[in-house]
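A.B. asks: Next comes the structure file run-v8.csv, holding CSV, C-alpha atoms.
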```csv
chain,number,residue,atom,x,y,z
A,1,MET,CA,107.4,123.8,101.8
A,2,MET,CA,108.7,121.3,99.3
A,3,THR,CA,107.3,117.7,99.2
A,4,THR,CA,109.2,114.7,98.0
A,5,ASP,CA,107.7,112.5,95.3
A,6,VAL,CA,107.7,109.0,96.8
A,7,ARG,CA,105.7,107.2,94.1
A,8,HIS,CA,107.0,103.9,92.6
A,9,GLY,CA,109.7,104.9,90.2
A,10,SER,CA,110.5,108.3,91.7
A,11,ALA,CA,114.0,109.4,92.5
A,12,TYR,CA,113.4,108.9,96.2
A,13,ASP,CA,112.0,105.4,95.5
A,14,ARG,CA,114.9,104.4,93.4
A,15,GLY,CA,117.5,105.7,95.9
A,16,SER,CA,115.7,103.7,98.6
A,17,ALA,CA,115.5,100.6,96.5
A,18,ASP,CA,119.1,100.8,95.3
A,19,ARG,CA,120.3,101.1,98.9
A,20,TYR,CA,118.0,98.3,100.2
A,21,TYR,CA,119.1,95.8,97.5
A,22,GLY,CA,122.8,96.7,97.8
A,23,ARG,CA,123.1,98.3,94.4
A,24,PRO,CA,125.6,101.0,93.7
A,25,PHE,CA,124.7,104.7,94.1
A,26,ASP,CA,123.3,105.6,90.7
A,27,PRO,CA,121.0,108.6,90.7
A,28,HIS,CA,118.1,108.1,88.4
A,29,TYR,CA,114.3,107.8,88.3
A,30,PHE,CA,111.6,106.5,85.9
A,31,GLU,CA,109.0,108.8,84.3
A,32,GLY,CA,106.3,106.3,85.3
A,33,ALA,CA,106.5,102.9,86.9
A,34,SER,CA,110.0,101.4,87.5
A,35,TYR,CA,111.3,99.4,84.5
A,36,GLN,CA,108.0,100.0,82.6
A,37,SER,CA,108.8,103.6,81.5
A,38,ARG,CA,111.7,105.7,80.4
A,39,ARG,CA,114.6,105.8,82.8
A,40,VAL,CA,116.1,109.3,83.4
A,41,ASP,CA,119.7,109.5,84.7
A,42,ILE,CA,120.3,112.4,87.1
A,43,THR,CA,123.6,114.3,86.6
A,44,ASP,CA,123.0,117.6,88.4
A,45,PRO,CA,123.7,117.2,92.1
A,46,ASP,CA,121.9,120.5,92.7
A,47,SER,CA,118.6,119.3,91.2
A,48,ALA,CA,115.6,118.4,93.3
A,49,GLU,CA,115.6,114.9,91.7
A,50,TYR,CA,119.2,114.3,92.8
A,51,GLN,CA,118.4,115.4,96.4
A,52,ALA,CA,115.4,113.1,96.4
A,53,TYR,CA,117.5,110.1,95.3
A,54,LEU,CA,120.1,111.0,97.9
A,55,ALA,CA,117.4,111.3,100.6
A,56,GLY,CA,116.0,107.9,99.7
A,57,TRP,CA,119.5,106.4,99.8
A,58,GLN,CA,120.4,107.9,103.1
A,59,GLU,CA,117.1,107.3,104.9
A,60,THR,CA,117.0,103.6,104.1
A,61,THR,CA,118.6,101.7,107.0
A,62,ASP,CA,117.1,98.3,106.3
A,63,ARG,CA,119.0,96.0,103.9
A,64,LYS,CA,117.9,92.9,102.0
A,65,GLU,CA,119.3,89.7,103.5
A,66,TRP,CA,120.6,87.5,100.8
A,67,THR,CA,120.5,84.0,102.2
```
Would you kindly transcribe this structure into structure tokens?

C.D. replies:
Amino acid sequence: MMTTDVRHGSAYDRGSADRYYGRPFDPHYFEGASYQSRRVDITDPDSAEYQAYLAGWQETTDRKEWT
């Protein structure tokens, strides 16, 4: 059974955050904490990281309300 890395900065976390904040679909993750470590762009749609980003993107139904 495969588990998804949901730590802050993970591909799943970034997909979720991008969707929540209304940012465009842009598969990536951070090696450590978001914006405090190296960003890694994900280009292989068959990779586990891409699938994790996609899952975070698709599973996030709540959206930031910009008032």

A.B. asks: Using Å and a single decimal, report how far CA of Val40 in chain A sits from CA of Glu59 in chain A.

C.D. replies: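 Between CA of Glu59 in chain A and CA of Val40 in chain A the gap works out to 21.6 Å.
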
A.B. asks: Nearest to Pro27 in chain A among A:Thr67, A:Tyr53, A:Gln58, A:His8, with distances taken over only C-alpha atoms: which residue is it?

C.D. replies: A:Tyr53

A.B. asks: Using only C-alpha atoms, which of A:Phe30, A:Trp57, A:Trp66, A:Tyr21 sits nearest Arg7 in chain A?

C.D. replies: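 The answer is A:Phe30, which sits nearest to Arg7 in chain A.
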
A.B. asks: As an exercise, work out the distance from CA of Thr43 in chain A to CA of Tyr29 in chain A in Å and give it to one decimal place.

C.D. replies: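 Atom-to-atom, CA of Thr43 in chain A to CA of Tyr29 in chain A, that is 11.5 Å.
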
A.B. asks: Could the centre and edge lengths of an axis-aligned box, enclosing all atoms of range 5-20 of chain A in the file with 6 Å extra on each side, be given in Å to one decimal as JSON?

C.D. replies:
```
{"center_x": 113.0, "center_y": 105.4, "center_z": 95.2, "size_x": 26.6, "size_y": 26.2, "size_z": 22.0}
```

A.B. asks: Kindly give the distance, in Å, that separates CA of Thr61 in chain A and CA of Asp5 in chain A, rounded to a single decimal.

C.D. replies: 19.3 Å

A.B. asks: Could you name the residues that touch Asp18 in chain A at 10 Å or less, counting only C-alpha atoms, but leaving out those on the same chain fewer than 5 positions away, as a list in words?

C.D. replies: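 Listing them by chain and then by number gives Tyr12, Asp13, Arg23, Pro24, Phe25, Asp26, Pro27, Tyr53, Gly56, Trp57, Thr60 and Arg63 of chain A.
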
A.B. asks: Since fewer atoms than expected are present, regenerate N, CA, C and O atoms for range 44-66 of chain A and write them as a PDB file, in the coordinates of the input.

C.D. replies:
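Final file, selection-v1.pdb:
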```
ATOM      1  N   ASP A  44     122.821 116.337  87.656  1.00  0.00           N
ATOM      2  CA  ASP A  44     123.000 117.600  88.400  1.00  0.00           C
ATOM      3  C   ASP A  44     122.793 117.422  89.855  1.00  0.00           C
ATOM      4  O   ASP A  44     121.658 117.253  90.307  1.00  0.00           O
ATOM      5  N   PRO A  45     123.882 117.464  90.637  1.00  0.00           N
ATOM      6  CA  PRO A  45     123.700 117.200  92.100  1.00  0.00           C
ATOM      7  C   PRO A  45     122.944 118.335  92.785  1.00  0.00           C
ATOM      8  O   PRO A  45     122.554 118.161  93.934  1.00  0.00           O
ATOM      9  N   ASP A  46     122.690 119.449  92.115  1.00  0.00           N
ATOM     10  CA  ASP A  46     121.900 120.500  92.700  1.00  0.00           C
ATOM     11  C   ASP A  46     120.408 120.391  92.416  1.00  0.00           C
ATOM     12  O   ASP A  46     119.600 121.161  92.927  1.00  0.00           O
ATOM     13  N   SER A  47     120.042 119.410  91.610  1.00  0.00           N
ATOM     14  CA  SER A  47     118.600 119.300  91.200  1.00  0.00           C
ATOM     15  C   SER A  47     117.810 118.641  92.347  1.00  0.00           C
ATOM     16  O   SER A  47     118.319 117.914  93.206  1.00  0.00           O
ATOM     17  N   ALA A  48     116.519 118.931  92.312  1.00  0.00           N
ATOM     18  CA  ALA A  48     115.600 118.400  93.300  1.00  0.00           C
ATOM     19  C   ALA A  48     115.560 116.839  93.173  1.00  0.00           C
ATOM     20  O   ALA A  48     115.462 116.132  94.185  1.00  0.00           O
ATOM     21  N   GLU A  49     115.660 116.323  91.958  1.00  0.00           N
ATOM     22  CA  GLU A  49     115.600 114.900  91.700  1.00  0.00           C
ATOM     23  C   GLU A  49     116.834 114.197  92.386  1.00  0.00           C
ATOM     24  O   GLU A  49     116.721 113.151  93.005  1.00  0.00           O
ATOM     25  N   TYR A  50     118.013 114.807  92.222  1.00  0.00           N
ATOM     26  CA  TYR A  50     119.200 114.300  92.800  1.00  0.00           C
ATOM     27  C   TYR A  50     119.079 114.243  94.356  1.00  0.00           C
ATOM     28  O   TYR A  50     119.401 113.245  95.017  1.00  0.00           O
ATOM     29  N   GLN A  51     118.600 115.346  94.904  1.00  0.00           N
ATOM     30  CA  GLN A  51     118.400 115.400  96.400  1.00  0.00           C
ATOM     31  C   GLN A  51     117.409 114.409  96.854  1.00  0.00           C
ATOM     32  O   GLN A  51     117.575 113.845  97.936  1.00  0.00           O
ATOM     33  N   ALA A  52     116.373 114.143  96.061  1.00  0.00           N
ATOM     34  CA  ALA A  52     115.400 113.100  96.400  1.00  0.00           C
ATOM     35  C   ALA A  52     116.003 111.736  96.412  1.00  0.00           C
ATOM     36  O   ALA A  52     115.768 110.922  97.317  1.00  0.00           O
ATOM     37  N   TYR A  53     116.798 111.439  95.381  1.00  0.00           N
ATOM     38  CA  TYR A  53     117.500 110.100  95.300  1.00  0.00           C
ATOM     39  C   TYR A  53     118.393 109.977  96.523  1.00  0.00           C
ATOM     40  O   TYR A  53     118.400 108.946  97.189  1.00  0.00           O
ATOM     41  N   LEU A  54     119.167 111.012  96.805  1.00  0.00           N
ATOM     42  CA  LEU A  54     120.100 111.000  97.900  1.00  0.00           C
ATOM     43  C   LEU A  54     119.345 110.774  99.257  1.00  0.00           C
ATOM     44  O   LEU A  54     119.776 109.982 100.099  1.00  0.00           O
ATOM     45  N   ALA A  55     118.207 111.442  99.420  1.00  0.00           N
ATOM     46  CA  ALA A  55     117.400 111.300 100.600  1.00  0.00           C
ATOM     47  C   ALA A  55     116.920 109.829 100.765  1.00  0.00           C
ATOM     48  O   ALA A  55     116.995 109.233 101.844  1.00  0.00           O
ATOM     49  N   GLY A  56     116.422 109.268  99.683  1.00  0.00           N
ATOM     50  CA  GLY A  56     116.000 107.900  99.700  1.00  0.00           C
ATOM     51  C   GLY A  56     117.121 106.942 100.066  1.00  0.00           C
ATOM     52  O   GLY A  56     116.964 105.992 100.846  1.00  0.00           O
ATOM     53  N   TRP A  57     118.294 107.218  99.511  1.00  0.00           N
ATOM     54  CA  TRP A  57     119.500 106.400  99.800  1.00  0.00           C
ATOM     55  C   TRP A  57     119.906 106.517 101.244  1.00  0.00           C
ATOM     56  O   TRP A  57     120.163 105.513 101.903  1.00  0.00           O
ATOM     57  N   GLN A  58     119.934 107.730 101.767  1.00  0.00           N
ATOM     58  CA  GLN A  58     120.400 107.900 103.100  1.00  0.00           C
ATOM     59  C   GLN A  58     119.402 107.514 104.196  1.00  0.00           C
ATOM     60  O   GLN A  58     119.796 107.080 105.269  1.00  0.00           O
ATOM     61  N   GLU A  59     118.124 107.617 103.904  1.00  0.00           N
ATOM     62  CA  GLU A  59     117.100 107.300 104.900  1.00  0.00           C
ATOM     63  C   GLU A  59     116.797 105.819 105.013  1.00  0.00           C
ATOM     64  O   GLU A  59     116.150 105.393 105.967  1.00  0.00           O
ATOM     65  N   THR A  60     117.255 105.039 104.066  1.00  0.00           N
ATOM     66  CA  THR A  60     117.000 103.600 104.100  1.00  0.00           C
ATOM     67  C   THR A  60     118.058 102.912 104.921  1.00  0.00           C
ATOM     68  O   THR A  60     119.223 102.879 104.552  1.00  0.00           O
ATOM     69  N   THR A  61     117.640 102.387 106.054  1.00  0.00           N
ATOM     70  CA  THR A  61     118.600 101.700 107.000  1.00  0.00           C
ATOM     71  C   THR A  61     118.443 100.200 106.894  1.00  0.00           C
ATOM     72  O   THR A  61     119.349  99.479 107.280  1.00  0.00           O
ATOM     73  N   ASP A  62     117.302  99.729 106.427  1.00  0.00           N
ATOM     74  CA  ASP A  62     117.100  98.300 106.300  1.00  0.00           C
ATOM     75  C   ASP A  62     117.802  97.780 105.056  1.00  0.00           C
ATOM     76  O   ASP A  62     117.930  98.493 104.058  1.00  0.00           O
ATOM     77  N   ARG A  63     118.290  96.564 105.088  1.00  0.00           N
ATOM     78  CA  ARG A  63     119.000  96.000 103.900  1.00  0.00           C
ATOM     79  C   ARG A  63     118.416  94.598 103.646  1.00  0.00           C
ATOM     80  O   ARG A  63     118.066  93.856 104.556  1.00  0.00           O
ATOM     81  N   LYS A  64     118.371  94.244 102.406  1.00  0.00           N
ATOM     82  CA  LYS A  64     117.900  92.900 102.000  1.00  0.00           C
ATOM     83  C   LYS A  64     118.948  91.904 102.460  1.00  0.00           C
ATOM     84  O   LYS A  64     120.153  92.073 102.314  1.00  0.00           O
ATOM     85  N   GLU A  65     118.451  90.838 103.071  1.00  0.00           N
ATOM     86  CA  GLU A  65     119.300  89.700 103.500  1.00  0.00           C
ATOM     87  C   GLU A  65     119.338  88.686 102.442  1.00  0.00           C
ATOM     88  O   GLU A  65     118.300  88.068 102.162  1.00  0.00           O
ATOM     89  N   TRP A  66     120.467  88.494 101.827  1.00  0.00           N
ATOM     90  CA  TRP A  66     120.600  87.500 100.800  1.00  0.00           C
ATOM     91  C   TRP A  66     121.090  86.203 101.378  1.00  0.00           C
ATOM     92  O   TRP A  66     122.252  86.048 101.722  1.00  0.00           O
TER      93      TRP A  66
END
```
